[in-house]
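Written below as structure tokens is the structure these notes are about.
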Amino acid sequence: MTGGVRLSGVPASPGAAVGRAFLLDSRRVQEPREHIPPERAAQEVARLHDAIARSDQQLAEIRGKLLGQPQEHALIIEAHRLMLTDPTLIGGAEALIKSDLVNAEWAVRRIVRRLRTAFDDIDDPYFRERQNDVDYVGDRIVQNLLGVPTELTEPPPADAVLVSNDLSPAEAMMLLGSGHRIAGIVTDLGGRTSHTAIVARALEVPAVLGCERASELVGQGDLIALDGTAGLVVIEPSEQDLAEIERAAGEYREEEERALATKELEARTTDGIQVTLRANIELVEEVPSIIAHGADGVGLYRTEFLFLNRKEPPTEEEHFQTYRRLLEALPGRPVTVRTFDLGGEKALAARAKPEVNPSLGLRAVRYCLAHPELFLPQLRALWRASPYGELKVMFPMVSGVSELRRARAYFERAREEVVRDGYRVAKSLPLGIMVETPAAVEVADLLAKEVSFFSVGTNDLIQYTLAIDRTNQDVAYLYQPLHPAILRMLGRAVEVGRQHGIDVALCGEMAGDPAYTLILLALGVTELSMVGNSIPRVKELLRRTSSKEAKELFQSALALAGNDEVEAYVRHEMRRRYPDLFAQPAEAHAG
Ligand code: PEP
Ligand code: MG
């Protein structure tokens, strides 16, 4: 094969780019193991002290950047700094260098292992957590001994492609918080709904994730070309590879420009069907980007992101400040806040109890009901924020009426409490549910009597209906939004909504894929919520079609019984009818 090494991964954020690799090795570094001559011991001890001093300096810098963040974060960093002065760790490593004549890296690892096992016998979650802290401090010292960057503490240069095994939520947030753009992101792990993907899309940085071995194969400073639309990465690209990626980048830019020009235009079909397009967000920082892409408010704010990346849950005041900021950033536009959907794949690290089947476990509204100490502060904060904009609230993963009523009782209790505490609140708050379990579709008529709106979460509805774990790559091929079972369910949810006079929106990833726009239109969906940068293309499609055309496509698709055939037929038809909106995906080879 001529040209560079090609890797394929998950197309997590669209666009294409070329840049030098900024390699961040976040994997547990393998320490070199060396037996040293006695005369080198003093030198190794000096290296050890140097690495410890550097580690302390880094932690002090991180501590400085945490001003204004919860005290808890600062305390963790201080605890790590304290460990760096611990005689068991330092003195122990020093003694090992001298007695066993091993290099500093090896000595640090051996001591860390010893300290870990000391915690092993203590059956207390607090001490188990300390094991991770010892590891974390040990890793930092070893990385400093090796001169490997320990973590992303400031954004890489603007023209760099960040290549890493994975990005921690802290690193992803730091990138987002800095508002600093980089050329691209490539990681070994992660899928379309990982933190990194979400942050990349919010920053509008092309990203290819889940490349498996990228961080192993890429060297610091290698030239990297990536196409985040096709999920393609080329290491040290040839002239031909570069031309291919640059063509993809040009096409994407042109398409973006053309699509952004539709910002002020209505999402209305040629025969006058109006569709409301809103954005899914995870962070308030995404608001300027969704406005630029023409979102009419927020259809899904995933509040569980407020809980991640920290040890203690957010306080009522933090919840309140966030919702207020969000509502004030979107005056006059509806904002639907979903109460936290923790558990399942979005486990709260500090509290996670291992579950055999997390997706079928204590997740979403079930988790909320099991943890009123987390749920009530959020609900109180939502009521307190209610006078600041057009707030709507919804519960995730409701599976029946009793569950909804239990959650609603907390919602009402929160209102009574904040009113009693003297806060001003809106007269009422529209309350809705996510329809994302087959049970909710089956009893949609019963649920519709008790809520003001539905929002269909196709990501989970597909997972639970087709019985495929959405995080399992091996069954990803079965993830078929156009499976007739799914189409029937969507049709029913929309119909029940119509009969009961309540709004039905759709907020799963399916909403943002223009290949499905006509099908959703034919099903009668009139509100879609998606990642901001999908809005212009979906809008353009809507403006170029009619409900008649959509219905015809839908009927022909439904005539095909095979689930694979339906998907293939619709994609083929969309490409044929709108060739300018559906470029052929670039070819990717596993490297
Ligand atoms: C969904 O399930 O479709 C959805 C939008 O929610 P999440 O992806 O957060 O589970
Ligand atoms: Mg869901």
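By convention in this document, the chains of the structure tokens carry letters A, B, ... by their order, each chain's residues are numbered from 1, and ligands are numbered from 1 in the order they are shown.
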Next on the checklist: To test your reading of the structure, identify every residue in segment 476-566 of chain A that backbone DSSP assigns to strand (DSSP E), and report it as an MDAnalysis selection string.
Outcome noted: chainID A and resid 503:506 527:530
Checklist entry - If you count only C-alpha atoms and all ligand atoms, which residues end up within 9 Å of ligand 2, as JSON, numbers by chain? => result {"A": [341, 364, 396, 397, 434, 435, 436, 437, 456, 457, 458, 459, 460, 461, 507, 508]}
Checklist entry - Skipping near chain neighbours, those fewer than 6 positions away, what residues fall within 12 Å of segment 251-264 of chain A using only C-alpha atoms, listed as a VMD selection string? => result chain A and resid 13 to 17 204 206 227 to 230 244 to 245 277 289 to 296 532 to 543 580 to 584
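The nearest approach to ligand 1 among the residues A:Asp86, A:Asp139, A:Glu509, A:Asp133, with only C-alpha atoms and all ligand atoms taken into account, belongs to A:Glu509.
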Item to check | All helix (DSSP H, G or I) positions in segment 538-581 of chain A, as a PyMOL selection string | outcome: chain A and resi 538-543+547-558+563-577
Write to file, as a short mmCIF file (atom, residue, chain, number, x, y, z; two decimals), in the first residue's frame, the residues of the selection just made, with N, CA, C and O atoms.
```
data_model
loop_
_atom_site.label_atom_id
_atom_site.label_comp_id
_atom_site.auth_asym_id
_atom_site.auth_seq_id
_atom_site.Cartn_x
_atom_site.Cartn_y
_atom_site.Cartn_z
N VAL A 538 -30.30 19.16 8.43
CA VAL A 538 -31.67 18.66 8.57
C VAL A 538 -32.65 19.73 8.10
O VAL A 538 -33.62 19.44 7.39
N LYS A 539 -32.33 20.98 8.44
CA LYS A 539 -33.23 22.06 8.02
C LYS A 539 -33.25 22.18 6.49
O LYS A 539 -34.31 22.31 5.88
N GLU A 540 -32.09 22.09 5.90
CA GLU A 540 -32.04 22.22 4.44
C GLU A 540 -32.87 21.12 3.78
O GLU A 540 -33.63 21.37 2.84
N LEU A 541 -32.74 19.91 4.29
CA LEU A 541 -33.53 18.80 3.74
C LEU A 541 -35.02 19.06 3.84
O LEU A 541 -35.77 18.85 2.90
N LEU A 542 -35.43 19.52 5.04
CA LEU A 542 -36.86 19.78 5.25
C LEU A 542 -37.36 20.83 4.25
O LEU A 542 -38.44 20.70 3.70
N ARG A 543 -36.53 21.85 4.02
CA ARG A 543 -36.94 22.93 3.12
C ARG A 543 -37.01 22.48 1.67
O ARG A 543 -37.61 23.15 0.83
N SER A 547 -44.29 16.84 2.48
CA SER A 547 -44.79 15.71 3.28
C SER A 547 -45.24 14.59 2.34
O SER A 547 -45.17 13.42 2.71
N LYS A 548 -45.65 14.95 1.12
CA LYS A 548 -46.09 13.92 0.17
C LYS A 548 -44.88 13.04 -0.22
O LYS A 548 -44.96 11.82 -0.17
N GLU A 549 -43.79 13.70 -0.53
CA GLU A 549 -42.59 12.94 -0.91
C GLU A 549 -42.14 12.04 0.26
O GLU A 549 -41.77 10.88 0.08
N ALA A 550 -42.20 12.61 1.46
CA ALA A 550 -41.78 11.84 2.64
C ALA A 550 -42.67 10.61 2.82
O ALA A 550 -42.19 9.50 3.09
N LYS A 551 -43.97 10.80 2.67
CA LYS A 551 -44.90 9.66 2.87
C LYS A 551 -44.67 8.58 1.84
O LYS A 551 -44.71 7.39 2.15
N GLU A 552 -44.39 8.99 0.60
CA GLU A 552 -44.15 7.98 -0.46
C GLU A 552 -42.91 7.15 -0.13
O GLU A 552 -42.90 5.93 -0.26
N LEU A 553 -41.86 7.84 0.29
CA LEU A 553 -40.63 7.13 0.65
C LEU A 553 -40.92 6.14 1.79
O LEU A 553 -40.49 4.98 1.79
N PHE A 554 -41.66 6.63 2.77
CA PHE A 554 -41.98 5.82 3.95
C PHE A 554 -42.77 4.57 3.55
O PHE A 554 -42.46 3.46 3.99
N GLN A 555 -43.78 4.75 2.69
CA GLN A 555 -44.60 3.61 2.27
C GLN A 555 -43.75 2.56 1.54
O GLN A 555 -43.84 1.37 1.81
N SER A 556 -42.90 3.04 0.62
CA SER A 556 -42.06 2.09 -0.12
C SER A 556 -41.12 1.37 0.83
O SER A 556 -40.85 0.18 0.68
N ALA A 557 -40.60 2.10 1.84
CA ALA A 557 -39.66 1.48 2.78
C ALA A 557 -40.38 0.43 3.61
O ALA A 557 -39.86 -0.67 3.83
N LEU A 558 -41.57 0.75 4.06
CA LEU A 558 -42.31 -0.19 4.92
C LEU A 558 -42.72 -1.46 4.17
O LEU A 558 -42.94 -2.50 4.77
N ASN A 563 -35.29 -5.86 7.92
CA ASN A 563 -34.78 -4.66 8.56
C ASN A 563 -33.54 -4.11 7.87
O ASN A 563 -33.37 -2.89 7.77
N ASP A 564 -32.67 -5.00 7.38
CA ASP A 564 -31.48 -4.52 6.66
C ASP A 564 -31.89 -3.79 5.39
O ASP A 564 -31.32 -2.76 5.04
N GLU A 565 -32.89 -4.36 4.71
CA GLU A 565 -33.32 -3.78 3.43
C GLU A 565 -33.87 -2.36 3.63
O GLU A 565 -33.62 -1.48 2.81
N VAL A 566 -34.64 -2.16 4.69
CA VAL A 566 -35.25 -0.83 4.91
C VAL A 566 -34.15 0.22 5.02
O VAL A 566 -34.17 1.25 4.35
N GLU A 567 -33.16 -0.07 5.85
CA GLU A 567 -32.06 0.87 6.07
C GLU A 567 -31.33 1.15 4.75
O GLU A 567 -31.08 2.30 4.39
N ALA A 568 -31.01 0.07 4.03
CA ALA A 568 -30.25 0.23 2.79
C ALA A 568 -31.06 1.00 1.76
O ALA A 568 -30.54 1.90 1.09
N TYR A 569 -32.34 0.71 1.67
CA TYR A 569 -33.19 1.37 0.69
C TYR A 569 -33.29 2.88 0.98
O TYR A 569 -33.09 3.71 0.09
N VAL A 570 -33.56 3.21 2.24
CA VAL A 570 -33.74 4.63 2.57
C VAL A 570 -32.43 5.39 2.34
O VAL A 570 -32.43 6.47 1.75
N ARG A 571 -31.32 4.83 2.75
CA ARG A 571 -30.03 5.52 2.55
C ARG A 571 -29.77 5.71 1.05
O ARG A 571 -29.33 6.77 0.61
N HIS A 572 -30.05 4.67 0.29
CA HIS A 572 -29.81 4.73 -1.14
C HIS A 572 -30.70 5.82 -1.78
O HIS A 572 -30.23 6.66 -2.56
N GLU A 573 -31.96 5.83 -1.38
CA GLU A 573 -32.89 6.81 -1.95
C GLU A 573 -32.49 8.24 -1.59
O GLU A 573 -32.57 9.15 -2.41
N MET A 574 -32.09 8.43 -0.35
CA MET A 574 -31.72 9.78 0.09
C MET A 574 -30.50 10.26 -0.68
O MET A 574 -30.42 11.42 -1.09
N ARG A 575 -29.57 9.35 -0.92
CA ARG A 575 -28.36 9.71 -1.67
C ARG A 575 -28.72 10.05 -3.11
O ARG A 575 -28.17 10.96 -3.71
N ARG A 576 -29.64 9.27 -3.63
CA ARG A 576 -30.04 9.49 -5.03
C ARG A 576 -30.80 10.82 -5.18
O ARG A 576 -30.54 11.60 -6.09
N ARG A 577 -31.67 11.11 -4.21
CA ARG A 577 -32.50 12.31 -4.34
C ARG A 577 -31.75 13.58 -3.96
O ARG A 577 -32.06 14.66 -4.46
#
```
Item to check | Contacts of segment 189-192 of chain A at 10 Å (only C-alpha atoms; same-chain gap of 5+ positions) as a PyMOL selection string | outcome: chain A and resi 9-13+164-167+197-198+201+207-215+470-471+473+509
Checklist entry - Which residues, written as a ChimeraX atom specification, have at least one atom at most 7 Å from segment 39-50 of chain A, with only C-alpha atoms counted and residues fewer than 5 positions away on the same chain left out? => result /A:94,97-98,101,103-104,145
Based on the selection just made, write C-alpha atoms of those residues as a PDB file, in the first residue's frame.
```pdb
ATOM      1  CA  GLU A  94      14.994   5.471  47.936  1.00  0.00           C
ATOM      2  CA  ILE A  97      17.138   1.854  44.788  1.00  0.00           C
ATOM      3  CA  LYS A  98      20.051   1.468  47.186  1.00  0.00           C
ATOM      4  CA  LEU A 101      19.974  -1.711  42.888  1.00  0.00           C
ATOM      5  CA  ASN A 103      16.211   2.158  38.639  1.00  0.00           C
ATOM      6  CA  ALA A 104      13.928   4.836  40.114  1.00  0.00           C
ATOM      7  CA  LEU A 145      10.850  10.246  35.519  1.00  0.00           C
TER       8      LEU A 145
END
```
Considering only C-alpha atoms, return as a short mmCIF file (atom, residue, chain, number, x, y, z; two decimals) with C-alpha atoms, in the first residue's frame whatever protein or nucleic-acid residues lie within 9 Å of segment 421-432 of chain A, sequence-local ones (same chain, fewer than 3 positions apart) excluded.
```
data_model
loop_
_atom_site.label_atom_id
_atom_site.label_comp_id
_atom_site.auth_asym_id
_atom_site.auth_seq_id
_atom_site.Cartn_x
_atom_site.Cartn_y
_atom_site.Cartn_z
CA TRP A 383 -38.15 25.49 40.56
CA ARG A 384 -35.91 28.31 41.75
CA ALA A 385 -34.68 28.80 38.17
CA SER A 386 -38.21 28.66 36.73
CA PRO A 387 -38.81 32.45 36.64
CA TYR A 388 -35.69 33.04 34.50
CA GLU A 390 -39.01 29.11 29.36
CA LEU A 391 -38.10 26.06 31.36
CA LYS A 392 -39.54 22.58 30.86
CA VAL A 393 -38.58 19.55 32.94
CA MET A 394 -38.57 15.88 32.04
CA PHE A 395 -37.75 12.55 33.68
CA ARG A 408 -43.84 13.79 40.27
CA ARG A 415 -42.05 23.32 44.71
CA GLU A 416 -43.80 23.49 48.08
CA GLU A 417 -40.46 23.60 49.88
CA VAL A 418 -38.94 26.41 47.84
CA ALA A 448 -50.04 10.93 28.19
CA GLU A 450 -50.39 12.71 33.28
CA VAL A 451 -47.75 14.78 31.45
CA SER A 452 -47.55 17.78 29.13
CA PHE A 453 -45.11 16.31 26.61
CA PHE A 454 -43.15 13.28 25.43
CA SER A 455 -39.60 13.25 24.17
#
```
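Interatomic distance, atom CA of Ile433 of chain A to atom CA of Ile519 of chain A: 23.0 Å.
Between ligand 1 and the residues A:Asp271, A:Asp222, A:Glu412, A:Glu304, the shortest atom-to-atom distance, using only C-alpha atoms and all ligand atoms, involves A:Glu304.
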